[in-house]
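Coordinates from entry-v4.pdb are shown below (PDB, C-alpha atoms).
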ATOM      1  CA  MET A  28       0.000   0.000   0.000
ATOM      2  CA  ASN A  29       1.421   3.351  -1.018
ATOM      3  CA  GLN A  30       0.310   6.248   1.121
ATOM      4  CA  ALA A  31       0.769   9.799  -0.038
ATOM      5  CA  ALA A  32       3.157  11.749   2.160
ATOM      6  CA  ALA A  33       1.435  14.221   4.432
ATOM      7  CA  PRO A  34       2.256  17.871   3.639
ATOM      8  CA  ARG A  35       5.242  19.133   5.614
ATOM      9  CA  LYS A  36       5.939  22.580   6.972
ATOM     10  CA  ASP A  37       9.292  24.316   7.286
ATOM     11  CA  PRO A  38      10.197  25.766  10.706
ATOM     12  CA  ALA A  39       8.514  29.054  11.589
ATOM     13  CA  ILE A  40      10.143  32.322  10.591
ATOM     14  CA  GLU A  41      10.695  34.618  13.590
ATOM     15  CA  THR A  42      10.882  38.395  13.301
ATOM     16  CA  THR A  43      11.597  40.849  16.102
ATOM     17  CA  LEU A  44       8.876  43.431  16.740
ATOM     18  CA  PRO A  45      10.341  46.443  18.614
ATOM     19  CA  CYS A  46       7.802  48.093  20.947
ATOM     20  CA  SER A  47       8.111  51.133  23.165
ATOM     21  CA  LEU A  48       7.245  50.873  26.858
ATOM     22  CA  GLU A  49       4.278  53.142  26.072
ATOM     23  CA  ASP A  50       3.003  50.573  23.518
ATOM     24  CA  LEU A  51       3.359  47.774  26.061
ATOM     25  CA  TYR A  52       1.744  49.898  28.790
ATOM     26  CA  LYS A  53      -1.359  51.011  26.894
ATOM     27  CA  GLY A  54      -1.572  48.391  24.144
ATOM     28  CA  THR A  55      -1.813  49.367  20.489
ATOM     29  CA  PRO A  56      -2.327  47.837  17.061
ATOM     30  CA  LYS A  57       0.843  47.535  14.961
ATOM     31  CA  LYS A  58       0.661  47.011  11.226
ATOM     32  CA  MET A  59       3.383  44.942   9.580
ATOM     33  CA  LYS A  60       3.793  44.768   5.809
ATOM     34  CA  ILE A  61       4.977  41.361   4.680
ATOM     35  CA  SER A  62       6.025  40.094   1.263
ATOM     36  CA  ARG A  63       5.703  36.427   0.521
ATOM     37  CA  GLU A  64       5.410  34.048  -2.362
ATOM     38  CA  ILE A  65       2.397  31.825  -2.892
ATOM     39  CA  ALA A  66       2.029  28.937  -5.321
ATOM     40  CA  ASP A  67      -0.706  28.932  -7.940
ATOM     41  CA  ALA A  68      -2.480  25.798  -9.237
ATOM     42  CA  SER A  69       0.278  25.114 -11.769
ATOM     43  CA  GLY A  70       3.024  25.257  -9.135
ATOM     44  CA  ASN A  71       4.399  28.668 -10.115
ATOM     45  CA  THR A  72       5.059  31.139  -7.308
ATOM     46  CA  LEU A  73       3.674  34.660  -7.296
ATOM     47  CA  PRO A  74       4.826  37.537  -5.076
ATOM     48  CA  VAL A  75       2.130  38.864  -2.736
ATOM     49  CA  GLU A  76       2.236  41.765  -0.270
ATOM     50  CA  GLU A  77      -0.023  41.779   2.745
ATOM     51  CA  ILE A  78      -0.591  43.918   5.835
ATOM     52  CA  LEU A  79      -0.843  42.000   9.109
ATOM     53  CA  THR A  80      -2.252  43.686  12.219
ATOM     54  CA  ILE A  81      -0.767  42.717  15.566
ATOM     55  CA  ASP A  82      -2.841  43.835  18.543
ATOM     56  CA  ILE A  83      -0.262  44.602  21.247
ATOM     57  CA  LYS A  84      -1.935  43.926  24.603
ATOM     58  CA  PRO A  85      -1.205  45.939  27.763
ATOM     59  CA  GLY A  86       1.406  44.200  29.889
ATOM     60  CA  TRP A  87       3.020  42.066  27.185
ATOM     61  CA  LYS A  88       6.689  41.448  27.897
ATOM     62  CA  LYS A  89       9.855  41.077  25.887
ATOM     63  CA  GLY A  90       9.842  37.606  24.346
ATOM     64  CA  THR A  91       6.050  37.355  23.900
ATOM     65  CA  LYS A  92       5.363  35.545  20.608
ATOM     66  CA  ILE A  93       2.495  36.192  18.203
ATOM     67  CA  THR A  94       2.016  33.541  15.502
ATOM     68  CA  PHE A  95       0.366  33.965  12.118
ATOM     69  CA  PRO A  96      -0.173  30.410  10.849
ATOM     70  CA  GLU A  97       0.876  29.691   7.260
ATOM     71  CA  LYS A  98       1.696  33.317   6.368
ATOM     72  CA  GLY A  99       5.175  32.490   5.080
ATOM     73  CA  ASN A 100       6.289  31.477   1.613
ATOM     74  CA  GLU A 101       4.746  28.509  -0.189
ATOM     75  CA  LYS A 102       7.245  26.294  -1.948
ATOM     76  CA  LEU A 103       6.433  22.925  -3.472
ATOM     77  CA  HIS A 104       3.118  21.100  -3.403
ATOM     78  CA  SER A 105       4.395  18.862  -0.596
ATOM     79  CA  LEU A 106       5.164  21.802   1.718
ATOM     80  CA  LEU A 107       2.656  23.892   3.628
ATOM     81  CA  PRO A 108       3.406  27.598   3.990
ATOM     82  CA  THR A 109       5.533  28.240   7.054
ATOM     83  CA  ASP A 110       4.225  30.161  10.082
ATOM     84  CA  LEU A 111       5.308  33.738  10.763
ATOM     85  CA  VAL A 112       6.124  34.516  14.386
ATOM     86  CA  PHE A 113       6.638  38.039  15.709
ATOM     87  CA  VAL A 114       8.655  38.266  18.935
ATOM     88  CA  ILE A 115       8.123  41.328  21.151
ATOM     89  CA  ASP A 116      11.227  43.327  22.001
ATOM     90  CA  GLU A 117      11.330  46.381  24.285
ATOM     91  CA  LYS A 118      12.928  49.546  22.991
ATOM     92  CA  PRO A 119      15.051  51.385  25.568
ATOM     93  CA  HIS A 120      13.180  54.198  27.304
ATOM     94  CA  SER A 121      14.711  57.543  28.265
ATOM     95  CA  THR A 122      13.305  57.485  31.818
ATOM     96  CA  PHE A 123      12.153  54.002  32.816
ATOM     97  CA  THR A 124      13.466  50.474  32.750
ATOM     98  CA  ARG A 125      11.256  47.456  33.259
ATOM     99  CA  GLU A 126      11.886  44.733  35.822
ATOM    100  CA  GLY A 127       9.077  42.192  35.537
ATOM    101  CA  ASN A 128       5.917  44.228  36.066
ATOM    102  CA  ASP A 129       7.730  47.037  37.887
ATOM    103  CA  LEU A 130       8.944  50.256  36.311
ATOM    104  CA  VAL A 131      12.241  51.562  37.680
ATOM    105  CA  VAL A 132      13.572  55.105  37.483
ATOM    106  CA  THR A 133      16.904  56.350  38.819
ATOM    107  CA  GLU A 134      17.181  59.821  40.329
ATOM    108  CA  ARG A 135      20.691  61.279  40.426
ATOM    109  CA  MET A 136      21.670  63.598  43.252
ATOM    110  CA  SER A 137      24.722  64.944  45.005
ATOM    111  CA  LEU A 138      25.731  63.770  48.458
ATOM    112  CA  VAL A 139      24.699  67.149  49.889
ATOM    113  CA  ASP A 140      21.212  66.791  48.381
ATOM    114  CA  ALA A 141      20.932  63.196  49.627
ATOM    115  CA  LEU A 142      21.687  64.295  53.186
ATOM    116  CA  THR A 143      19.606  67.477  53.190
ATOM    117  CA  TRP A 144      16.853  66.738  50.647
ATOM    118  CA  SER A 145      14.042  65.997  53.026
ATOM    119  CA  TYR A 146      10.449  67.073  52.464
ATOM    120  CA  THR A 147      10.737  67.533  48.728
ATOM    121  CA  THR A 148       8.797  66.125  45.807
ATOM    122  CA  ILE A 149       9.879  64.235  42.699
ATOM    123  CA  HIS A 150       7.792  64.923  39.591
ATOM    124  CA  LEU A 151       7.537  62.089  37.053
ATOM    125  CA  THR A 152       5.509  61.794  33.861
ATOM    126  CA  THR A 153       3.990  58.305  33.567
ATOM    127  CA  LEU A 154       3.839  56.222  30.390
ATOM    128  CA  ASP A 155       0.225  57.301  29.909
ATOM    129  CA  GLY A 156       1.057  61.023  30.306
ATOM    130  CA  ARG A 157      -0.018  61.679  33.911
ATOM    131  CA  THR A 158       2.241  63.638  36.259
ATOM    132  CA  LEU A 159       3.034  61.961  39.566
ATOM    133  CA  ARG A 160       4.171  64.000  42.538
ATOM    134  CA  ILE A 161       6.079  61.736  44.901
ATOM    135  CA  PRO A 162       7.041  63.235  48.272
ATOM    136  CA  ILE A 163      10.457  62.254  49.630
ATOM    137  CA  THR A 164      10.687  62.710  53.376
ATOM    138  CA  ASN A 165      13.667  60.537  54.279
ATOM    139  CA  VAL A 166      17.410  61.062  54.196
ATOM    140  CA  ILE A 167      18.562  59.289  51.045
ATOM    141  CA  HIS A 168      21.258  56.635  51.480
ATOM    142  CA  PRO A 169      23.042  54.625  48.755
ATOM    143  CA  THR A 170      20.583  51.681  48.802
ATOM    144  CA  HIS A 171      17.446  53.748  49.439
ATOM    145  CA  GLU A 172      14.463  53.041  47.214
ATOM    146  CA  GLU A 173      11.002  54.595  47.194
ATOM    147  CA  THR A 174       8.088  52.455  45.976
ATOM    148  CA  VAL A 175       4.825  53.756  44.533
ATOM    149  CA  PRO A 176       2.353  50.844  44.476
ATOM    150  CA  GLY A 177       0.250  50.327  41.364
ATOM    151  CA  GLU A 178       2.187  52.691  39.069
ATOM    152  CA  GLY A 179       4.158  50.049  37.161
ATOM    153  CA  MET A 180       3.277  48.009  34.073
ATOM    154  CA  PRO A 181      -0.168  46.436  33.706
ATOM    155  CA  LEU A 182      -0.348  42.704  34.360
ATOM    156  CA  HIS A 183      -1.124  40.919  31.105
ATOM    157  CA  SER A 184      -3.450  38.497  32.909
ATOM    158  CA  ASP A 185      -5.390  41.392  34.517
ATOM    159  CA  PRO A 186      -4.587  44.840  33.013
ATOM    160  CA  SER A 187      -6.593  46.561  35.771
ATOM    161  CA  ARG A 188      -3.785  45.569  38.173
ATOM    162  CA  LYS A 189      -0.279  47.005  37.867
ATOM    163  CA  GLY A 190       3.201  46.459  39.200
ATOM    164  CA  ASN A 191       4.999  49.118  41.214
ATOM    165  CA  LEU A 192       7.033  52.171  40.339
ATOM    166  CA  ARG A 193      10.405  51.965  42.061
ATOM    167  CA  ILE A 194      12.600  55.019  42.448
ATOM    168  CA  LYS A 195      16.270  54.253  42.984
ATOM    169  CA  PHE A 196      18.768  56.918  43.929
ATOM    170  CA  HIS A 197      22.253  57.342  42.514
ATOM    171  CA  ILE A 198      24.248  59.472  44.903
ATOM    172  CA  GLU A 199      27.216  61.246  43.371
ATOM    173  CA  PHE A 200      29.945  61.377  45.967
ATOM    174  CA  PRO A 201      32.605  64.079  45.651
ATOM    175  CA  THR A 202      35.914  62.865  44.241
ATOM    176  CA  ARG A 203      37.913  64.848  46.788
ATOM    177  CA  LEU A 204      37.458  67.065  49.838
ATOM    178  CA  THR A 205      39.657  69.753  51.267
ATOM    179  CA  ALA A 206      40.924  69.423  54.834
ATOM    180  CA  GLU A 207      38.510  72.197  55.829
ATOM    181  CA  GLN A 208      35.548  70.369  54.246
ATOM    182  CA  LYS A 209      36.510  67.116  55.979
ATOM    183  CA  ALA A 210      36.729  68.869  59.347
ATOM    184  CA  GLY A 211      33.346  70.535  58.758
ATOM    185  CA  ILE A 212      31.678  67.214  57.876
ATOM    186  CA  LYS A 213      33.181  65.544  60.962
ATOM    187  CA  ARG A 214      31.872  68.376  63.162
ATOM    188  CA  LEU A 215      28.373  68.136  61.669
ATOM    189  CA  LEU A 216      28.036  64.363  61.598
ATOM    190  CA  ALA A 217      29.972  63.323  64.689
ATOM    191  CA  PRO A 218      27.763  61.653  67.335
TER     192      PRO A 218
END

The structure given in the file should be rewritten as structure tokens.
Amino acid sequence: MNQAAAPRKDPAIETTLPCSLEDLYKGTPKKMKISREIADASGNTLPVEEILTIDIKPGWKKGTKITFPEKGNEKLHSLLPTDLVFVIDEKPHSTFTREGNDLVVTERMSLVDALTWSYTTIHLTTLDGRTLRIPITNVIHPTHEETVPGEGMPLHSDPSRKGNLRIKFHIEFPTRLTAEQKAGIKRLLAP
């Protein structure tokens, strides 16, 4: 008994889809123009262009894959068109980095500001354009971090819930001090 071979499919073709943190925060449709070749009834291939719409969902992360079955090139009669897979990548952001579902921002300040900067407010513009006013009431030390609950990235499983916004502080220490400055600091900070 001679059975016809089942149609085979080449491995999927993966393409990186760069997305801004704003896209991944709010969600947005992205249109991708693809060119592929399809086979006609006589086995000849014809070039075809198509626009695919990818609906970016709030909270998607780097590495999320979106598959379009059989949207690749057709080759011989025995091969099915391959799948196209778009893989989400995060573009760098000028203010925030993402750690899981948290957004992280680093505030730079001098040592003087870290020691004396109590009862002040940090102003941040969120990914959806709101302005947050975050009061800082503590002395800032090198490992200090402020957390604002619910101001991070949406959770993909439940976009009404969000991760946290974490504010880290980078304290710029002076590279040198005069003898007079050292004596003054000792006087001020000595127990």

Proximity check segment 73-185 of chain A to segment 37-60 of chain A, 8 Å, nearest pairs one decimal Å, all atoms listed in the file, as JSON lines:
{"residue": "A:Glu76", "atom": "CA", "partner": "A:Lys60", "partner_atom": "CA", "distance": 7.0}
{"residue": "A:Glu77", "atom": "CA", "partner": "A:Lys60", "partner_atom": "CA", "distance": 5.7}
{"residue": "A:Ile78", "atom": "CA", "partner": "A:Lys60", "partner_atom": "CA", "distance": 4.5}
{"residue": "A:Leu79", "atom": "CA", "partner": "A:Met59", "partner_atom": "CA", "distance": 5.2}
{"residue": "A:Thr80", "atom": "CA", "partner": "A:Lys58", "partner_atom": "CA", "distance": 4.5}
{"residue": "A:Ile81", "atom": "CA", "partner": "A:Lys57", "partner_atom": "CA", "distance": 5.1}
{"residue": "A:Asp82", "atom": "CA", "partner": "A:Pro56", "partner_atom": "CA", "distance": 4.3}
{"residue": "A:Ile83", "atom": "CA", "partner": "A:Gly54", "partner_atom": "CA", "distance": 4.9}
{"residue": "A:Lys84", "atom": "CA", "partner": "A:Gly54", "partner_atom": "CA", "distance": 4.5}
{"residue": "A:Pro85", "atom": "CA", "partner": "A:Gly54", "partner_atom": "CA", "distance": 4.4}
{"residue": "A:Gly86", "atom": "CA", "partner": "A:Leu51", "partner_atom": "CA", "distance": 5.6}
{"residue": "A:Trp87", "atom": "CA", "partner": "A:Leu51", "partner_atom": "CA", "distance": 5.8}
{"residue": "A:Lys88", "atom": "CA", "partner": "A:Leu51", "partner_atom": "CA", "distance": 7.4}
{"residue": "A:Gly99", "atom": "CA", "partner": "A:Ile40", "partner_atom": "CA", "distance": 7.4}
{"residue": "A:Leu106", "atom": "CA", "partner": "A:Asp37", "partner_atom": "CA", "distance": 7.4}
{"residue": "A:Leu107", "atom": "CA", "partner": "A:Asp37", "partner_atom": "CA", "distance": 7.6}
{"residue": "A:Pro108", "atom": "CA", "partner": "A:Asp37", "partner_atom": "CA", "distance": 7.5}
{"residue": "A:Thr109", "atom": "CA", "partner": "A:Asp37", "partner_atom": "CA", "distance": 5.4}
{"residue": "A:Asp110", "atom": "CA", "partner": "A:Ala39", "partner_atom": "CA", "distance": 4.7}
{"residue": "A:Leu111", "atom": "CA", "partner": "A:Ile40", "partner_atom": "CA", "distance": 5.0}
{"residue": "A:Val112", "atom": "CA", "partner": "A:Glu41", "partner_atom": "CA", "distance": 4.6}
{"residue": "A:Phe113", "atom": "CA", "partner": "A:Thr42", "partner_atom": "CA", "distance": 4.9}
{"residue": "A:Val114", "atom": "CA", "partner": "A:Thr43", "partner_atom": "CA", "distance": 4.8}
{"residue": "A:Ile115", "atom": "CA", "partner": "A:Leu44", "partner_atom": "CA", "distance": 4.9}
{"residue": "A:Asp116", "atom": "CA", "partner": "A:Pro45", "partner_atom": "CA", "distance": 4.7}
{"residue": "A:Glu117", "atom": "CA", "partner": "A:Cys46", "partner_atom": "CA", "distance": 5.1}
{"residue": "A:Lys118", "atom": "CA", "partner": "A:Ser47", "partner_atom": "CA", "distance": 5.1}
{"residue": "A:Pro119", "atom": "CA", "partner": "A:Ser47", "partner_atom": "CA", "distance": 7.3}
{"residue": "A:His120", "atom": "CA", "partner": "A:Leu48", "partner_atom": "CA", "distance": 6.8}
{"residue": "A:Leu154", "atom": "CA", "partner": "A:Glu49", "partner_atom": "CA", "distance": 5.3}
{"residue": "A:Asp155", "atom": "CA", "partner": "A:Glu49", "partner_atom": "CA", "distance": 7.0}
{"residue": "A:Met180", "atom": "CA", "partner": "A:Tyr52", "partner_atom": "CA", "distance": 5.8}
{"residue": "A:Pro181", "atom": "CA", "partner": "A:Tyr52", "partner_atom": "CA", "distance": 6.3}

Expand the PyMOL selection byres ((chain A and resi 195) around 10) into the individual residues it matches in the shown file, reporting them as a PyMOL selection string.
-> chain A and resi 131-135+167+169-174+192-194+196-198

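Pairwise distance (atom CA of Gly127 of chain A, atom CA of Leu159 of chain A) equals 21.1 Å.
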
Explicit residues for the PyMOL selection byres ((chain A and resi 164) around 12) (as a short mmCIF file (atom, residue, chain, number, x, y, z; two decimals) with C-alpha atoms, in the frame of the given file):
data_model
loop_
_atom_site.label_atom_id
_atom_site.label_comp_id
_atom_site.auth_asym_id
_atom_site.auth_seq_id
_atom_site.Cartn_x
_atom_site.Cartn_y
_atom_site.Cartn_z
CA ALA A 141 20.93 63.20 49.63
CA LEU A 142 21.69 64.30 53.19
CA THR A 143 19.61 67.48 53.19
CA TRP A 144 16.85 66.74 50.65
CA SER A 145 14.04 66.00 53.03
CA TYR A 146 10.45 67.07 52.46
CA THR A 147 10.74 67.53 48.73
CA THR A 148 8.80 66.12 45.81
CA ILE A 149 9.88 64.24 42.70
CA ILE A 161 6.08 61.74 44.90
CA PRO A 162 7.04 63.24 48.27
CA ILE A 163 10.46 62.25 49.63
CA ASN A 165 13.67 60.54 54.28
CA VAL A 166 17.41 61.06 54.20
CA ILE A 167 18.56 59.29 51.04
CA HIS A 171 17.45 53.75 49.44
CA GLU A 173 11.00 54.60 47.19
#

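The spacing separating atom CA of Glu199 of chain A from atom CA of Glu178 of chain A amounts to 26.8 Å.
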
Just how far from atom CA of Asn100 of chain A is atom CA of Thr72 of chain A, in Å to one decimal?
-> 9.0 Å

So, counting only C-alpha atoms, which residue among A:His168, A:Asp185, A:Val75, A:Glu207 is closest to Asp140 of chain A?
-> A:His168

Please return the centre and edge lengths, in Å to one decimal, of a box with edges along x, y and z that contains all listed atoms of segment 55-67 of chain A, widened by 6 Å on every side, as AutoDock Vina command-line options.
--center_x 1.8 --center_y 39.1 --center_z 6.3 --size_x 20.4 --size_y 32.4 --size_z 40.4

Specify as a PDB file with C-alpha atoms, in the frame of the given file each residue included when the PyMOL selection byres ((chain A and resi 128) around 7) is applied to this file.
ATOM      1  CA  ARG A 125      11.256  47.456  33.259  1.00  0.00           C
ATOM      2  CA  GLU A 126      11.886  44.733  35.822  1.00  0.00           C
ATOM      3  CA  GLY A 127       9.077  42.192  35.537  1.00  0.00           C
ATOM      4  CA  ASP A 129       7.730  47.037  37.887  1.00  0.00           C
ATOM      5  CA  LEU A 130       8.944  50.256  36.311  1.00  0.00           C
ATOM      6  CA  GLY A 179       4.158  50.049  37.161  1.00  0.00           C
ATOM      7  CA  MET A 180       3.277  48.009  34.073  1.00  0.00           C
ATOM      8  CA  PRO A 181      -0.168  46.436  33.706  1.00  0.00           C
ATOM      9  CA  LEU A 182      -0.348  42.704  34.360  1.00  0.00           C
ATOM     10  CA  GLY A 190       3.201  46.459  39.200  1.00  0.00           C
TER      11      GLY A 190
END

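Distances from A:Arg188, A:Arg35, A:Thr152, A:Ala68 to Pro176 of chain A were compared using only C-alpha atoms, and the smallest one belongs to A:Arg188.
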